[in-house]
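Structure file upload.txt (compact mmCIF, C-alpha atoms) follows.
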```txt
# COMPACT_ATOMS: atom_id res chain seq x y z
CA MET A 1 -14.95 14.43 -21.13
CA SER A 2 -12.76 11.33 -21.29
CA ALA A 3 -10.61 11.33 -24.40
CA THR A 4 -8.83 8.00 -24.06
CA GLN A 5 -8.34 5.01 -21.86
CA ALA A 6 -5.07 3.69 -20.44
CA THR A 7 -4.12 0.27 -19.20
CA LEU A 8 -2.18 0.22 -15.94
CA ARG A 9 -0.58 -2.97 -14.69
CA VAL A 10 -0.16 -2.37 -10.96
CA TYR A 11 1.77 -4.57 -8.55
CA ARG A 12 -0.53 -6.09 -5.94
CA GLY A 13 0.88 -8.15 -3.09
CA ASP A 14 3.35 -8.10 -0.23
CA LYS A 15 6.98 -9.06 0.39
CA ASN A 16 6.17 -12.78 0.07
CA LYS A 17 4.08 -12.88 -3.08
CA GLY A 18 2.61 -10.51 -5.62
CA GLU A 19 1.56 -10.03 -9.22
CA GLU A 20 0.66 -7.27 -11.64
CA VAL A 21 -3.08 -6.68 -11.93
CA GLU A 22 -4.48 -4.92 -14.99
CA TYR A 23 -6.81 -1.93 -14.70
CA LYS A 24 -8.41 0.22 -17.39
CA VAL A 25 -8.48 3.92 -16.51
CA PRO A 26 -10.08 6.85 -18.35
CA VAL A 27 -7.45 9.48 -19.11
CA GLU A 28 -8.24 13.17 -18.79
CA THR A 29 -6.10 16.07 -19.95
CA GLY A 30 -3.32 16.85 -17.48
CA MET A 31 -3.57 13.52 -15.63
CA VAL A 32 -0.54 11.99 -13.94
CA VAL A 33 0.03 8.37 -12.93
CA LEU A 34 -0.93 9.18 -9.32
CA ASP A 35 -4.32 10.43 -10.56
CA ALA A 36 -4.80 7.11 -12.36
CA ILE A 37 -3.88 5.18 -9.20
CA HIS A 38 -6.41 7.27 -7.23
CA TRP A 39 -9.03 6.52 -9.91
CA ILE A 40 -8.32 2.80 -9.49
CA GLN A 41 -8.72 3.14 -5.72
CA ALA A 42 -12.00 5.02 -6.10
CA HIS A 43 -13.59 2.79 -8.74
CA GLN A 44 -11.99 -0.65 -8.92
CA ALA A 45 -9.69 -1.51 -6.01
CA PRO A 46 -10.39 0.43 -2.80
CA ASP A 47 -7.87 -1.75 -0.97
CA LEU A 48 -4.94 -0.75 -3.24
CA ALA A 49 -2.18 0.51 -0.93
CA VAL A 50 -0.24 3.56 -2.11
CA ARG A 51 1.65 6.27 -0.26
CA TRP A 52 1.44 9.91 -1.28
CA ASN A 53 1.42 13.26 0.44
CA CYS A 54 1.98 16.53 -1.39
CA LYS A 55 1.29 15.80 -5.11
CA ALA A 56 3.82 18.53 -5.87
CA ALA A 57 7.13 16.64 -6.27
CA LYS A 58 8.38 17.86 -2.90
CA CYS A 59 8.05 14.89 -0.57
CA GLY A 60 8.91 11.82 -2.68
CA SER A 61 6.17 9.77 -0.99
CA CYS A 62 4.65 8.66 -4.30
CA SER A 63 7.91 7.19 -5.60
CA ALA A 64 7.43 4.04 -7.65
CA GLU A 65 8.84 2.30 -10.68
CA VAL A 66 6.88 3.41 -13.72
CA ASN A 67 7.69 1.26 -16.74
CA GLY A 68 10.82 0.02 -14.98
CA LYS A 69 12.26 3.40 -14.04
CA PRO A 70 12.14 5.17 -10.66
CA ALA A 71 9.68 8.06 -10.86
CA LEU A 72 7.41 10.29 -8.87
CA MET A 73 3.89 9.25 -9.82
CA CYS A 74 2.70 12.83 -9.20
CA LYS A 75 5.00 14.11 -11.97
CA SER A 76 4.65 11.26 -14.47
CA ARG A 77 2.21 12.66 -17.03
CA MET A 78 -0.06 10.10 -18.65
CA GLU A 79 0.29 11.82 -22.04
CA ARG A 80 3.97 10.86 -22.27
CA PHE A 81 3.13 7.16 -22.54
CA ALA A 82 2.38 5.65 -25.93
CA PRO A 83 -1.36 5.14 -26.48
CA GLY A 84 -2.33 1.47 -26.19
CA GLU A 85 0.87 0.50 -24.37
CA PRO A 86 0.34 -0.74 -20.81
CA ILE A 87 1.90 1.31 -18.02
CA HIS A 88 3.60 -0.87 -15.41
CA VAL A 89 3.56 0.55 -11.87
CA ARG A 90 5.58 -1.29 -9.25
CA PRO A 91 7.08 -0.47 -5.85
CA LEU A 92 10.68 0.77 -5.80
CA LYS A 93 13.14 -2.13 -5.78
CA THR A 94 15.36 -0.20 -3.38
CA PHE A 95 13.11 -0.70 -0.35
CA PRO A 96 11.36 -3.73 1.17
CA ILE A 97 7.72 -4.08 0.10
CA ILE A 98 5.06 -3.68 2.76
CA ARG A 99 2.00 -4.04 0.52
CA ASP A 100 1.16 -3.14 -3.09
CA LEU A 101 2.99 0.12 -3.88
CA VAL A 102 3.94 0.91 -0.27
CA THR A 103 7.54 0.24 0.76
CA ASP A 104 9.37 0.42 4.07
CA VAL A 105 11.32 3.68 3.92
CA SER A 106 12.20 3.79 7.64
CA TRP A 107 15.89 3.56 6.68
CA ASN A 108 15.58 7.09 5.21
CA PHE A 109 14.45 8.47 8.55
CA GLU A 110 17.29 6.75 10.41
CA VAL A 111 19.87 8.26 8.04
CA LYS A 112 18.21 11.68 8.29
CA LYS A 113 18.79 11.68 12.07
CA ARG A 114 22.56 11.39 11.46
CA ILE A 115 22.78 14.33 9.05
CA PRO A 116 23.42 17.61 10.85
CA PRO A 117 21.27 20.56 9.78
CA PHE A 118 22.85 23.18 7.55
CA GLN A 119 24.45 25.97 9.58
CA PRO A 120 25.84 28.90 7.57
CA ARG A 121 29.12 30.28 8.81
CA GLU A 122 28.64 33.23 11.08
CA GLY A 123 29.10 36.48 9.23
CA ALA A 124 29.09 34.80 5.81
CA GLU A 125 27.17 36.58 3.09
CA TRP A 126 25.13 34.32 0.83
CA LYS A 127 24.48 35.45 -2.72
CA TRP A 128 22.05 33.68 -5.01
CA GLN A 129 21.97 33.91 -8.77
CA GLN A 130 18.51 34.52 -10.24
CA HIS A 131 18.58 31.27 -12.22
CA ASP A 132 19.12 29.35 -8.94
CA VAL A 133 16.14 31.11 -7.38
CA ASP A 134 14.04 30.33 -10.45
CA ARG A 135 14.94 26.61 -10.28
CA ALA A 136 13.97 26.41 -6.60
CA GLN A 137 10.71 28.29 -7.19
CA GLU A 138 9.70 26.01 -10.07
CA PHE A 139 8.94 23.22 -7.59
CA ARG A 140 6.84 25.53 -5.43
CA LYS A 141 4.43 26.49 -8.22
```
Show me the file's structure as C-alpha cells.
Amino acid sequence: MSATQATLRVYRGDKNKGEEVEYKVPVETGMVVLDAIHWIQAHQAPDLAVRWNCKAAKCGSCSAEVNGKPALMCKSRMERFAPGEPIHVRPLKTFPIIRDLVTDVSWNFEVKKRIPPFQPREGAEWKWQQHDVDRAQEFRK
C-alpha cells in the first residue's frame, strides 16, 4: 500500500553535459533513496546508470549527493525528507562523472594499493571494549 509520493530530481548526463530530470516515485514504509532510484529504473528510466553493491552501508558504492550533501543512498531514509519537497540526487562532486550517478572511482583503487595491510605486532594482546564491538556489529545487522 503506497502511502505517499516523492519527487526525485536525478542528474542525467555525462561529464560534458547533464541536467536534473524529475521523477515521481511511490514511497513505501522503510524505503531509502536507493530503493526510489531502483523504482525509477524499473518503471520510468531503465537506462538510468547507478552503482550499488551491498545495500548495507559497507561498500560505499551507492555514494551520491542527496540534497547537496554526500550520502549513502542505501542509508538515506525517504521518511527524513519533508513531504512535498523534491529530493535532489546527483553524483559526488569529488569524482569525475561517467554517466548519470556513476563516477570514476578508480583513484580509490590506486590509493588502496599503496596502503599496507594491518599487521598486529607479534605477541601483542588486543583487547576490545564491548561498546566498540557493538558499534562494529551495528553495520553487520
**Prompt:** Which is closer to Lys93 in chain A than all the others in A:Lys69, A:Thr7, A:Ile37, A:Phe109, using all atoms listed in the file?
**Reply:**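 Closest candidate: A:Lys69.
In this structure, CA of Asn16 in chain A sits 26.2 Å away from CA of Ala42 in chain A.
Among the candidate residues A:Lys55, A:Arg77, A:His43, A:Arg12, the one lying nearest to Val27 in chain A is A:Arg77, with distances computed using all atoms listed in the file.
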**Message:** Please list as a list in words every residue within 9 Å of His88 in chain A, counting only C-alpha atoms and excluding residues in the same chain fewer than 5 positions away.
**Reply:**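 Everything that qualifies: Thr7, Leu8, Arg9, Val10, Tyr11, Glu20, Glu65, Val66, Asn67 and Gly68 of chain A.
Take CA of Ala71 in chain A and CA of Leu92 in chain A: the distance between them is 8.9 Å.
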**Request:** Considering all atoms listed in the file, state which residue in the set A:Ile40, A:Met78, A:Cys59, A:Leu72 is at the smallest distance from Glu28 in chain A.
**Result:**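 Smallest distance to Glu28 in chain A is found for A:Met78.
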**Message:** For a cutoff of 7 Å around the file-coordinate point (1.5, -1.2, -5.1), which residues qualify once you count all atoms listed in the file? I'd like the result as a list of chain:residue names.
**Reply:**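 Residues found, by chain and rising number: A:Val10, A:Tyr11, A:Arg12, A:Leu48, A:Ala49, A:Val50, A:Arg90, A:Pro91, A:Arg99, A:Asp100, A:Leu101, A:Val102.
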**Among the residues A:Thr103, A:Glu79, A:Ile97, A:Val21, the one that comes closest to Arg51 in chain A [using all atoms listed in the file]** =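 Result for the nearest residue to Arg51 in chain A: A:Thr103.
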**Request:** Quick one: everything within 12 Å of Met31 in chain A, counting all atoms listed in the file, minus sequence neighbours fewer than 2 positions away in the same chain. Send it as a list in words.
**Result:** Ser2, Ala3, Thr4, Gln5, Ala6, Val25, Pro26, Val27, Glu28, Thr29, Val33, Leu34, Asp35, Ala36, Ile37, His38, Trp39, Lys55, Met73, Cys74, Lys75, Ser76, Arg77, Met78, Glu79, Arg80 and Phe81 of chain A
Using C-alpha atoms, can you export the residues from the last selection as a JSON list (two decimals), in the coordinates of the input?
```json
[["chain", "number", "residue", "atom", "x", "y", "z"],
["A", 2, "SER", "CA", -12.76, 11.33, -21.29],
["A", 3, "ALA", "CA", -10.61, 11.33, -24.40],
["A", 4, "THR", "CA", -8.83, 8.00, -24.06],
["A", 5, "GLN", "CA", -8.34, 5.01, -21.86],
["A", 6, "ALA", "CA", -5.07, 3.69, -20.44],
["A", 25, "VAL", "CA", -8.48, 3.92, -16.51],
["A", 26, "PRO", "CA", -10.08, 6.85, -18.35],
["A", 27, "VAL", "CA", -7.45, 9.48, -19.11],
["A", 28, "GLU", "CA", -8.24, 13.17, -18.79],
["A", 29, "THR", "CA", -6.10, 16.07, -19.95],
["A", 33, "VAL", "CA", 0.03, 8.37, -12.93],
["A", 34, "LEU", "CA", -0.93, 9.18, -9.32],
["A", 35, "ASP", "CA", -4.32, 10.43, -10.56],
["A", 36, "ALA", "CA", -4.80, 7.11, -12.36],
["A", 37, "ILE", "CA", -3.88, 5.18, -9.20],
["A", 38, "HIS", "CA", -6.41, 7.27, -7.23],
["A", 39, "TRP", "CA", -9.03, 6.52, -9.91],
["A", 55, "LYS", "CA", 1.29, 15.80, -5.11],
["A", 73, "MET", "CA", 3.89, 9.25, -9.82],
["A", 74, "CYS", "CA", 2.70, 12.83, -9.20],
["A", 75, "LYS", "CA", 5.00, 14.11, -11.97],
["A", 76, "SER", "CA", 4.65, 11.26, -14.47],
["A", 77, "ARG", "CA", 2.21, 12.66, -17.03],
["A", 78, "MET", "CA", -0.06, 10.10, -18.65],
["A", 79, "GLU", "CA", 0.29, 11.82, -22.04],
["A", 80, "ARG", "CA", 3.97, 10.86, -22.27],
["A", 81, "PHE", "CA", 3.13, 7.16, -22.54]]
```
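Going from CA of His131 in chain A over to CA of Cys54 in chain A, you cover 24.7 Å.
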